[in-house]
>>> print(open('structure.cif').read())   # mmCIF, C-alpha atoms
data_run
#
loop_
_atom_site.group_PDB
_atom_site.id
_atom_site.type_symbol
_atom_site.label_atom_id
_atom_site.label_comp_id
_atom_site.auth_asym_id
_atom_site.auth_seq_id
_atom_site.Cartn_x
_atom_site.Cartn_y
_atom_site.Cartn_z
ATOM 1 C CA MET I 14 -0.526 15.129 -10.564
ATOM 2 C CA LYS I 15 0.384 18.804 -10.355
ATOM 3 C CA LEU I 16 4.014 19.320 -11.336
ATOM 4 C CA ASP I 17 6.242 21.037 -8.785
ATOM 5 C CA LEU I 18 8.513 22.933 -11.155
ATOM 6 C CA GLU I 19 10.737 24.423 -8.482
ATOM 7 C CA LYS I 20 11.801 21.504 -6.320
ATOM 8 C CA ASN I 21 11.997 18.339 -8.429
ATOM 9 C CA ILE I 22 14.942 16.954 -10.328
ATOM 10 C CA LEU I 23 14.126 13.969 -12.517
ATOM 11 C CA SER I 24 15.702 10.841 -11.041
ATOM 12 C CA LYS I 25 16.060 7.167 -11.904
ATOM 13 C CA GLY I 26 12.877 5.314 -10.939
ATOM 14 C CA ASP I 27 10.555 8.317 -11.414
ATOM 15 C CA LYS I 28 7.478 7.619 -13.529
ATOM 16 C CA ILE I 29 6.452 10.137 -16.186
ATOM 17 C CA ILE I 30 3.682 10.258 -18.784
ATOM 18 C CA ILE I 31 5.081 12.038 -21.833
ATOM 19 C CA ASP I 32 4.473 13.268 -25.354
ATOM 20 C CA VAL I 33 7.631 13.006 -27.486
ATOM 21 C CA ASN I 34 8.235 14.859 -30.742
ATOM 22 C CA VAL I 35 11.475 14.147 -32.632
ATOM 23 C CA TYR I 36 12.646 16.428 -35.451
ATOM 24 C CA ASN I 37 15.313 15.907 -38.094
ATOM 25 C CA LYS I 38 16.231 19.136 -39.882
ATOM 26 C CA ASP I 39 13.000 20.708 -38.541
ATOM 27 C CA ILE I 40 10.877 17.933 -40.024
ATOM 28 C CA LEU I 41 8.808 15.835 -37.595
ATOM 29 C CA VAL I 42 9.894 12.189 -37.568
ATOM 30 C CA LYS I 43 6.534 10.538 -36.928
ATOM 31 C CA LYS I 44 7.859 7.032 -36.325
ATOM 32 C CA LEU I 45 10.027 8.319 -33.467
ATOM 33 C CA SER I 46 7.280 10.476 -31.937
ATOM 34 C CA THR I 47 4.568 9.362 -29.528
ATOM 35 C CA LYS I 48 1.867 10.613 -27.145
ATOM 36 C CA ASN I 49 0.943 9.711 -23.544
ATOM 37 C CA TYR I 50 3.765 7.212 -23.186
ATOM 38 C CA SER I 51 4.360 5.832 -19.666
ATOM 39 C CA LEU I 52 8.079 5.722 -18.872
ATOM 40 C CA ILE I 53 9.992 4.684 -15.751
ATOM 41 C CA LEU I 54 13.281 6.597 -15.905
ATOM 42 C CA GLY I 55 16.097 4.082 -16.174
ATOM 43 C CA GLY I 56 13.813 1.558 -17.847
ATOM 44 C CA LYS I 57 13.546 0.468 -21.474
ATOM 45 C CA PHE I 58 12.273 2.897 -24.134
ATOM 46 C CA TYR I 59 12.172 2.791 -27.906
ATOM 47 C CA LEU I 60 14.566 5.755 -27.855
ATOM 48 C CA PRO I 61 17.366 4.269 -25.700
ATOM 49 C CA PHE I 62 19.070 7.616 -25.101
ATOM 50 C CA LEU I 63 15.975 9.463 -23.864
ATOM 51 C CA SER I 64 15.782 8.081 -20.322
ATOM 52 C CA LYS I 65 19.484 8.774 -19.753
ATOM 53 C CA MET I 66 19.162 12.319 -21.106
ATOM 54 C CA LEU I 67 16.193 13.147 -18.849
ATOM 55 C CA VAL I 68 17.732 11.922 -15.576
ATOM 56 C CA GLY I 69 19.192 14.886 -13.689
ATOM 57 C CA LYS I 70 17.205 17.520 -15.541
ATOM 58 C CA THR I 71 14.932 19.962 -13.704
ATOM 59 C CA LEU I 72 11.284 18.930 -13.912
ATOM 60 C CA ASN I 73 9.539 21.167 -16.431
ATOM 61 C CA LYS I 74 6.359 20.730 -18.425
ATOM 62 C CA LYS I 75 8.461 20.787 -21.601
ATOM 63 C CA ILE I 76 12.089 19.714 -21.980
ATOM 64 C CA ILE I 77 13.940 20.328 -25.257
ATOM 65 C CA PHE I 78 17.409 19.090 -26.184
ATOM 66 C CA ASN I 79 19.483 18.070 -29.210
ATOM 67 C CA TYR I 80 20.928 14.601 -29.644
ATOM 68 C CA LEU I 81 23.746 13.660 -32.014
ATOM 69 C CA VAL I 82 23.279 10.111 -33.327
ATOM 70 C CA GLU I 83 26.626 8.312 -33.173
ATOM 71 C CA GLU I 84 27.819 5.583 -35.532
ATOM 72 C CA ASP I 85 27.376 2.747 -33.028
ATOM 73 C CA ASN I 86 23.674 3.566 -32.479
ATOM 74 C CA LYS I 87 22.054 0.631 -34.286
ATOM 75 C CA SER I 88 18.456 1.577 -33.401
ATOM 76 C CA LEU I 89 18.837 4.944 -35.185
ATOM 77 C CA LYS I 90 21.268 3.924 -37.935
ATOM 78 C CA GLU I 91 19.402 5.888 -40.624
ATOM 79 C CA PHE I 92 20.182 9.097 -38.695
ATOM 80 C CA VAL I 93 23.883 8.411 -37.984
ATOM 81 C CA ASN I 94 25.955 11.600 -37.629
ATOM 82 C CA GLU I 95 22.805 13.711 -37.748
ATOM 83 C CA GLU I 96 21.463 15.858 -34.925
ATOM 84 C CA LEU I 97 17.914 15.213 -33.759
ATOM 85 C CA LYS I 98 15.851 17.770 -31.911
ATOM 86 C CA VAL I 99 13.803 16.147 -29.140
ATOM 87 C CA GLU I 100 10.835 17.820 -27.449
ATOM 88 C CA VAL I 101 9.436 16.098 -24.374
ATOM 89 C CA LYS I 102 6.167 17.306 -22.844
ATOM 90 C CA ILE I 103 5.546 15.875 -19.354
ATOM 91 C CA ASN I 104 1.825 15.293 -18.737
ATOM 92 C CA ASP I 105 2.134 13.530 -15.376
ATOM 93 C CA TYR I 106 4.887 12.768 -12.871
ATOM 94 C CA VAL I 107 5.215 10.384 -9.942
ATOM 95 C CA GLU I 108 8.349 10.535 -7.793
ATOM 96 C CA SER I 109 10.214 7.218 -7.538
ATOM 97 C CA LYS I 110 9.432 6.722 -3.825
ATOM 98 C CA TYR I 111 5.703 6.777 -4.638
ATOM 99 C CA VAL I 112 5.792 4.598 -7.773
ATOM 100 C CA LYS I 113 5.817 1.299 -5.827
ATOM 101 C CA SER I 114 2.920 2.474 -3.657
ATOM 102 C CA LYS I 115 0.855 3.414 -6.694
ATOM 103 C CA ASN I 116 1.522 0.056 -8.352
ATOM 104 C CA SER I 117 0.628 -1.753 -5.119
ATOM 105 C CA ASN I 118 -2.695 0.049 -5.023
ATOM 106 C CA ILE I 119 -3.496 -1.135 -8.557
ATOM 107 C CA GLN I 120 -2.648 -4.687 -7.505
ATOM 108 C CA LEU I 121 -4.949 -4.376 -4.483
ATOM 109 C CA LYS I 122 -7.855 -3.349 -6.699
ATOM 110 C CA GLU I 123 -7.183 -6.357 -8.912
ATOM 111 C CA HIS I 124 -7.104 -8.520 -5.786
ATOM 112 C CA ILE I 125 -10.553 -7.241 -4.767
ATOM 113 C CA SER I 126 -11.957 -8.438 -8.092
ATOM 114 C CA SER I 127 -10.349 -11.845 -7.656
ATOM 115 C CA LEU I 128 -11.701 -12.082 -4.097
ATOM 116 C CA GLU I 129 -15.216 -11.346 -5.282
ATOM 117 C CA LYS I 130 -14.859 -14.097 -7.875
ATOM 118 C CA ILE I 131 -13.579 -16.597 -5.259
ATOM 119 C CA ILE I 132 -16.443 -15.775 -2.892
ATOM 120 C CA LYS I 133 -19.045 -16.211 -5.636
ATOM 121 C CA GLU I 134 -17.536 -19.576 -6.558
ATOM 122 C CA LYS I 135 -17.583 -20.679 -2.912
ATOM 123 C CA ASP I 136 -21.221 -19.615 -2.626
ATOM 124 C CA PHE I 137 -22.117 -21.641 -5.699
ATOM 125 C CA GLU I 138 -20.305 -24.742 -4.376
ATOM 126 C CA LEU I 139 -21.984 -24.329 -1.015
ATOM 127 C CA SER I 140 -25.470 -23.970 -2.495
ATOM 128 C CA LYS I 141 -25.076 -27.365 -4.201
ATOM 129 C CA LYS I 142 -23.924 -29.019 -0.954
ATOM 130 C CA LEU I 143 -26.777 -27.561 1.089
ATOM 131 C CA VAL I 144 -29.442 -29.368 -0.925
ATOM 132 C CA SER I 145 -29.207 -32.540 1.211
ATOM 133 C CA ILE I 146 -28.526 -30.852 4.594
ATOM 134 C CA PRO I 147 -31.299 -30.278 7.201
ATOM 135 C CA GLU I 148 -32.579 -26.698 7.456
ATOM 136 C CA ASP I 149 -31.408 -26.211 11.063
ATOM 137 C CA LYS I 150 -27.795 -26.839 9.992
ATOM 138 C CA LYS I 151 -27.829 -24.793 6.796
ATOM 139 C CA LYS I 152 -27.676 -21.378 8.463
ATOM 140 C CA GLU I 153 -24.560 -22.197 10.477
ATOM 141 C CA ILE I 154 -22.806 -23.721 7.459
ATOM 142 C CA GLU I 155 -23.630 -20.682 5.324
ATOM 143 C CA ARG I 156 -22.330 -18.296 7.991
ATOM 144 C CA TYR I 157 -18.962 -19.953 8.467
ATOM 145 C CA SER I 158 -18.282 -21.453 5.058
ATOM 146 C CA LEU I 159 -15.583 -18.828 4.365
ATOM 147 C CA GLN I 160 -13.987 -18.925 7.821
ATOM 148 C CA LYS I 161 -10.738 -20.607 6.732
ATOM 149 C CA PHE I 162 -10.318 -18.149 3.875
ATOM 150 C CA PHE I 163 -10.924 -15.105 6.107
ATOM 151 C CA GLU I 164 -8.597 -16.465 8.805
ATOM 152 C CA GLU I 165 -5.691 -16.534 6.359
ATOM 153 C CA PHE I 166 -6.490 -13.310 4.536
ATOM 154 C CA SER I 167 -7.135 -11.226 7.664
ATOM 155 C CA LYS I 168 -3.608 -11.914 8.967
ATOM 156 C CA TYR I 169 -2.144 -9.817 6.169
ATOM 157 C CA TYR I 170 -5.023 -7.432 5.568
ATOM 158 C CA SER I 171 -5.193 -6.242 9.195
ATOM 159 C CA VAL I 172 -1.500 -5.295 9.131
ATOM 160 C CA PHE I 173 -1.889 -3.530 5.773
ATOM 161 C CA LYS I 174 -4.923 -1.555 6.942
ATOM 162 C CA PHE I 175 -3.433 -0.559 10.281
ATOM 163 C CA THR I 176 -0.107 0.439 8.681
ATOM 164 C CA THR I 177 -1.927 2.549 6.080
ATOM 165 C CA GLU I 178 -3.812 4.399 8.814
ATOM 166 C CA LYS I 179 -0.526 5.190 10.578
ATOM 167 C CA LEU I 180 1.025 6.430 7.324
ATOM 168 C CA VAL I 181 -1.971 8.704 6.749
ATOM 169 C CA LEU I 182 -1.565 10.246 10.213
ATOM 170 C CA LYS I 183 2.161 10.758 9.626
ATOM 171 C CA ALA I 184 1.560 12.347 6.208
ATOM 172 C CA GLN I 185 -1.037 14.669 7.741
ATOM 173 C CA GLU I 186 1.408 15.726 10.464
ATOM 174 C CA GLU I 187 4.130 16.372 7.872
ATOM 175 C CA GLU I 188 1.639 18.007 5.449
ATOM 176 C CA ASP I 189 2.928 15.751 2.663
ATOM 177 C CA SER I 190 0.294 16.359 -0.031
ATOM 178 C CA ASN I 191 1.839 13.919 -2.535
ATOM 179 C CA ARG I 192 1.770 11.031 -0.094
ATOM 180 C CA LEU I 193 -1.728 11.947 1.112
ATOM 181 C CA LYS I 194 -2.964 11.810 -2.477
ATOM 182 C CA LEU I 195 -1.559 8.302 -2.982
ATOM 183 C CA LEU I 196 -2.783 7.126 0.410
ATOM 184 C CA SER I 197 -6.274 8.353 -0.432
ATOM 185 C CA ASN I 198 -6.307 5.672 -3.138
ATOM 186 C CA TYR I 199 -5.301 3.107 -0.520
ATOM 187 C CA LYS I 200 -8.110 4.280 1.763
ATOM 188 C CA ALA I 201 -10.623 3.920 -1.067
ATOM 189 C CA THR I 202 -9.399 0.371 -1.701
ATOM 190 C CA ILE I 203 -9.638 -0.475 2.007
ATOM 191 C CA TRP I 204 -13.209 0.820 2.040
ATOM 192 C CA GLN I 205 -14.054 -1.513 -0.845
ATOM 193 C CA PHE I 206 -12.595 -4.482 1.053
ATOM 194 C CA ASP I 207 -14.483 -3.569 4.241
ATOM 195 C CA GLU I 208 -17.809 -3.219 2.433
ATOM 196 C CA LEU I 209 -17.264 -6.578 0.758
ATOM 197 C CA PHE I 210 -16.427 -8.239 4.085
ATOM 198 C CA LYS I 211 -19.469 -6.771 5.857
ATOM 199 C CA ASN I 212 -21.699 -8.615 3.427
ATOM 200 C CA PHE I 213 -20.260 -11.886 4.744
ATOM 201 C CA GLY I 214 -20.384 -11.065 8.462
ATOM 202 C CA LEU I 215 -16.749 -10.076 8.965
ATOM 203 C CA GLU I 216 -16.427 -7.441 11.705
ATOM 204 C CA GLU I 217 -13.399 -5.521 12.923
ATOM 205 C CA ILE I 218 -11.997 -5.813 16.447
ATOM 206 C CA ARG I 219 -10.317 -2.488 17.225
ATOM 207 C CA PRO I 220 -8.921 -2.127 20.774
ATOM 208 C CA ILE I 221 -9.055 1.360 22.296
ATOM 209 C CA PHE I 222 -6.110 3.014 24.004
ATOM 210 C CA GLY I 223 -6.724 3.278 27.760
ATOM 211 C CA GLU I 224 -9.305 0.496 27.984
ATOM 212 C CA GLN I 225 -8.807 -2.834 29.753
ATOM 213 C CA PHE I 226 -7.318 -5.815 27.952
ATOM 214 C CA ASP I 227 -9.916 -8.340 26.729
ATOM 215 C CA PRO I 228 -8.455 -11.881 26.617
ATOM 216 C CA ASN I 229 -11.351 -13.055 24.431
ATOM 217 C CA THR I 230 -10.503 -10.772 21.510
ATOM 218 C CA GLN I 231 -6.941 -9.580 22.123
ATOM 219 C CA LYS I 232 -3.414 -10.914 22.586
ATOM 220 C CA VAL I 233 -0.703 -9.212 24.684
ATOM 221 C CA MET I 234 2.527 -8.870 22.692
ATOM 222 C CA ASP I 235 4.461 -6.825 25.261
ATOM 223 C CA GLN I 236 4.073 -5.207 28.700
ATOM 224 C CA PHE I 237 5.534 -2.181 30.478
ATOM 225 C CA ILE I 238 5.451 -1.145 34.140
ATOM 226 C CA ASP I 239 3.423 1.963 35.020
ATOM 227 C CA ASP I 240 2.087 2.485 38.553
ATOM 228 C CA GLU I 241 -0.188 5.321 37.390
ATOM 229 C CA LEU I 242 -2.315 2.930 35.319
ATOM 230 C CA GLU I 243 -4.436 -0.058 36.267
ATOM 231 C CA SER I 244 -2.826 -3.371 35.388
ATOM 232 C CA ASN I 245 -3.758 -4.677 31.912
ATOM 233 C CA THR I 246 -4.508 -1.207 30.520
ATOM 234 C CA ILE I 247 -4.006 -1.018 26.740
ATOM 235 C CA ILE I 248 -1.128 1.392 26.025
ATOM 236 C CA ASN I 249 -0.531 0.556 22.369
ATOM 237 C CA VAL I 250 -2.373 -1.239 19.554
ATOM 238 C CA LEU I 251 -0.149 -3.179 17.149
ATOM 239 C CA SER I 252 -2.824 -4.623 14.867
ATOM 240 C CA ILE I 253 -6.588 -4.954 14.638
ATOM 241 C CA GLY I 254 -8.482 -8.248 14.831
ATOM 242 C CA TYR I 255 -11.577 -9.756 13.176
ATOM 243 C CA LYS I 256 -14.754 -11.637 14.067
ATOM 244 C CA LEU I 257 -16.822 -13.710 11.666
ATOM 245 C CA TYR I 258 -20.270 -13.177 13.140
ATOM 246 C CA ASP I 259 -19.728 -14.300 16.768
ATOM 247 C CA ARG I 260 -16.458 -16.193 16.207
ATOM 248 C CA VAL I 261 -13.070 -14.511 16.735
ATOM 249 C CA ILE I 262 -10.936 -15.569 13.776
ATOM 250 C CA LYS I 263 -8.034 -13.193 14.414
ATOM 251 C CA VAL I 264 -7.184 -11.565 17.732
ATOM 252 C CA ALA I 265 -5.991 -7.960 17.947
ATOM 253 C CA ASN I 266 -2.389 -7.523 19.121
ATOM 254 C CA VAL I 267 -1.830 -5.040 21.943
ATOM 255 C CA VAL I 268 0.714 -3.785 24.477
ATOM 256 C CA THR I 269 -0.490 -3.455 28.075
ATOM 257 C CA SER I 270 0.637 -1.983 31.392
ATOM 258 C CA LEU I 271 1.182 -3.605 34.761
ATOM 259 C CA LYS I 272 2.028 -2.302 38.210
ATOM 260 C CA SER I 273 5.439 -2.770 39.805
ATOM 261 C CA THR I 274 3.762 -4.844 42.546
ATOM 262 C CA ASP I 275 2.413 -7.401 40.058
ATOM 263 C CA VAL I 276 4.096 -10.826 40.032
ATOM 264 C CA GLN I 277 4.831 -10.499 36.293
ATOM 265 C CA ALA I 278 6.733 -7.222 36.858
ATOM 266 C CA LYS I 279 9.679 -9.020 38.437
ATOM 267 C CA LYS I 280 10.052 -11.286 35.394
ATOM 268 C CA ILE I 281 9.912 -8.304 33.002
ATOM 269 C CA LEU I 282 12.596 -6.469 34.992
ATOM 270 C CA GLU I 283 14.844 -9.531 34.787
ATOM 271 C CA GLU I 284 14.311 -9.954 31.034
ATOM 272 C CA LYS I 285 14.453 -6.311 29.894
ATOM 273 C CA GLY I 286 16.382 -4.575 32.651
ATOM 274 C CA PRO I 287 15.125 -1.480 34.550
ATOM 275 C CA GLU I 288 15.768 0.980 31.668
ATOM 276 C CA ASN I 289 13.514 -0.903 29.235
ATOM 277 C CA SER I 290 10.818 -2.141 31.598
ATOM 278 C CA TYR I 291 9.033 1.096 32.482
ATOM 279 C CA LEU I 292 6.605 2.950 30.218
ATOM 280 C CA LYS I 293 8.336 6.003 28.756
ATOM 281 C CA LYS I 294 6.217 9.155 28.615
#
>>> encode(input="structure.cif", output="structure tokens")
Amino acid sequence: MKLDLEKNILSKGDKIIIDVNVYNKDILVKKLSTKNYSLILGGKFYLPFLSKMLVGKTLNKKIIFNYLVEEDNKSLKEFVNEELKVEVKINDYVESKYVKSKNSNIQLKEHISSLEKIIKEKDFELSKKLVSIPEDKKKEIERYSLQKFFEEFSKYYSVFKFTTEKLVLKAQEEEDSNRLKLLSNYKATIWQFDELFKNFGLEEIRPIFGEQFDPNTQKVMDQFIDDELESNTIINVLSIGYKLYDRVIKVANVVTSLKSTDVQAKKILEEKGPENSYLKK
């Protein structure tokens, strides 16, 4: 990641990749030096003082400071009362608010690998069971053998995917290049999931703003009164749904409109009150 040398102050929780050179009387102490070390500021490090010394400093490609080893420093007892010169070269930097996102993306990639393994195992188990089943039943069994698995997984995946898409749009509006870079990794992971799912007949149900509500593939989570729209017009999409071939295994969640003359409008007015019942534009 390109270092922003003007704006960033190193803070607890930031992740840095560093080269460390430690000198005692201008002689390099090899056992205290290292290269390409991944450090979360505030976390454990073989030089206990280093993380504390870096927090609060301006982010630069190279940070140099002197450190006096005190008598109670057991990890550096051979250098007690001596001053060490420490040079830290920062090769990469991730701000603390992005560290969790980056780690989550790594976990998602690992989850893809585990999913592929599960699916292969299920296929193998199924192939053994199909030996004694009539041909006309085999195709249907093969198609829907993973239905229970996809039903459970899609509940969480649909929310993750839809939330990521919203975050991308927000980052684009705010021109947040750091967040866009991290979210691009998320998008690549989502693409891998989608390609994997296509191979097993899993299709996305994505309602479109302004279209009519479809009770076969969608579920209404909330309604607002708007006399300018036809009743049951989709005014917000809360999550996408999924079909496994021709079976809906997860409905898409939507918010729809209704007219003030509809029977349901009276109930909504009673529950929400006039201020919260009408669609705000």
>>> residues_near_point(input="structure.cif", point="(26.8, 16.0, -31.7)", cutoff="7 Å", atoms="all atoms listed in the file", output="VMD selection string")
chain I and resid 80 to 81 96
>>> write_last_selection(input="structure.cif", atoms="C-alpha atoms", output="mmCIF file, in the frame of the given file")
data_model
loop_
_atom_site.group_PDB
_atom_site.id
_atom_site.type_symbol
_atom_site.label_atom_id
_atom_site.label_comp_id
_atom_site.auth_asym_id
_atom_site.auth_seq_id
_atom_site.Cartn_x
_atom_site.Cartn_y
_atom_site.Cartn_z
ATOM 1 C CA TYR I 80 20.928 14.601 -29.644
ATOM 2 C CA LEU I 81 23.746 13.660 -32.014
ATOM 3 C CA GLU I 96 21.463 15.858 -34.925
#
>>> closest_residue(input="structure.cif", among="I:Leu215, I:Ile203, I:Tyr59, I:Glu243", to="Phe173 in chain I", atoms="all atoms listed in the file")
I:Ile203
>>> closest_residue(input="structure.cif", among="I:Gln160, I:Asn49, I:Asn34, I:Thr202", to="Leu63 in chain I", atoms="all atoms listed in the file")
I:Asn34
>>> resolve_selection(input="structure.cif", expression="the PyMOL selection byres ((chain I and resi 103) around 12)", output="PDB file with C-alpha atoms, in the coordinates of the input")
ATOM      1  CA  MET I  14      -0.526  15.129 -10.564  1.00  0.00           C
ATOM      2  CA  LYS I  15       0.384  18.804 -10.355  1.00  0.00           C
ATOM      3  CA  LEU I  16       4.014  19.320 -11.336  1.00  0.00           C
ATOM      4  CA  ASP I  17       6.242  21.037  -8.785  1.00  0.00           C
ATOM      5  CA  LEU I  18       8.513  22.933 -11.155  1.00  0.00           C
ATOM      6  CA  LEU I  23      14.126  13.969 -12.517  1.00  0.00           C
ATOM      7  CA  LYS I  28       7.478   7.619 -13.529  1.00  0.00           C
ATOM      8  CA  ILE I  29       6.452  10.137 -16.186  1.00  0.00           C
ATOM      9  CA  ILE I  30       3.682  10.258 -18.784  1.00  0.00           C
ATOM     10  CA  ILE I  31       5.081  12.038 -21.833  1.00  0.00           C
ATOM     11  CA  ASP I  32       4.473  13.268 -25.354  1.00  0.00           C
ATOM     12  CA  VAL I  33       7.631  13.006 -27.486  1.00  0.00           C
ATOM     13  CA  ASN I  34       8.235  14.859 -30.742  1.00  0.00           C
ATOM     14  CA  LYS I  48       1.867  10.613 -27.145  1.00  0.00           C
ATOM     15  CA  ASN I  49       0.943   9.711 -23.544  1.00  0.00           C
ATOM     16  CA  TYR I  50       3.765   7.212 -23.186  1.00  0.00           C
ATOM     17  CA  SER I  51       4.360   5.832 -19.666  1.00  0.00           C
ATOM     18  CA  LEU I  52       8.079   5.722 -18.872  1.00  0.00           C
ATOM     19  CA  LEU I  67      16.193  13.147 -18.849  1.00  0.00           C
ATOM     20  CA  THR I  71      14.932  19.962 -13.704  1.00  0.00           C
ATOM     21  CA  LEU I  72      11.284  18.930 -13.912  1.00  0.00           C
ATOM     22  CA  ASN I  73       9.539  21.167 -16.431  1.00  0.00           C
ATOM     23  CA  LYS I  74       6.359  20.730 -18.425  1.00  0.00           C
ATOM     24  CA  LYS I  75       8.461  20.787 -21.601  1.00  0.00           C
ATOM     25  CA  ILE I  76      12.089  19.714 -21.980  1.00  0.00           C
ATOM     26  CA  ILE I  77      13.940  20.328 -25.257  1.00  0.00           C
ATOM     27  CA  GLU I 100      10.835  17.820 -27.449  1.00  0.00           C
ATOM     28  CA  VAL I 101       9.436  16.098 -24.374  1.00  0.00           C
ATOM     29  CA  LYS I 102       6.167  17.306 -22.844  1.00  0.00           C
ATOM     30  CA  ASN I 104       1.825  15.293 -18.737  1.00  0.00           C
ATOM     31  CA  ASP I 105       2.134  13.530 -15.376  1.00  0.00           C
ATOM     32  CA  TYR I 106       4.887  12.768 -12.871  1.00  0.00           C
ATOM     33  CA  VAL I 107       5.215  10.384  -9.942  1.00  0.00           C
TER      34      VAL I 107
END
>>> closest_residue(input="structure.cif", among="I:Asp207, I:Glu165, I:Asp27, I:Glu178", to="Leu193 in chain I", atoms="all atoms listed in the file")
I:Glu178
>>> resolve_selection(input="structure.cif", expression="the PyMOL selection byres ((chain I and resi 238) around 9)", output="list of chain:residue names")
I:Gln236, I:Phe237, I:Asp239, I:Asp240, I:Leu242, I:Ser244, I:Thr269, I:Ser270, I:Leu271, I:Lys272, I:Ser273, I:Ala278, I:Ile281, I:Leu282, I:Ser290, I:Tyr291, I:Leu292
>>> atom_distance(input="structure.cif", atom1="CA of Val276 in chain I", atom2="CA of Gln231 in chain I")
21.1 Å
>>> residues_around(input="structure.cif", residues="Val172 in chain I", least_positions_apart="4", cutoff="12 Å", atoms="only C-alpha atoms", output="VMD selection string")
chain I and resid 166 to 168 176 to 179 203 250 to 255 263 265 to 266
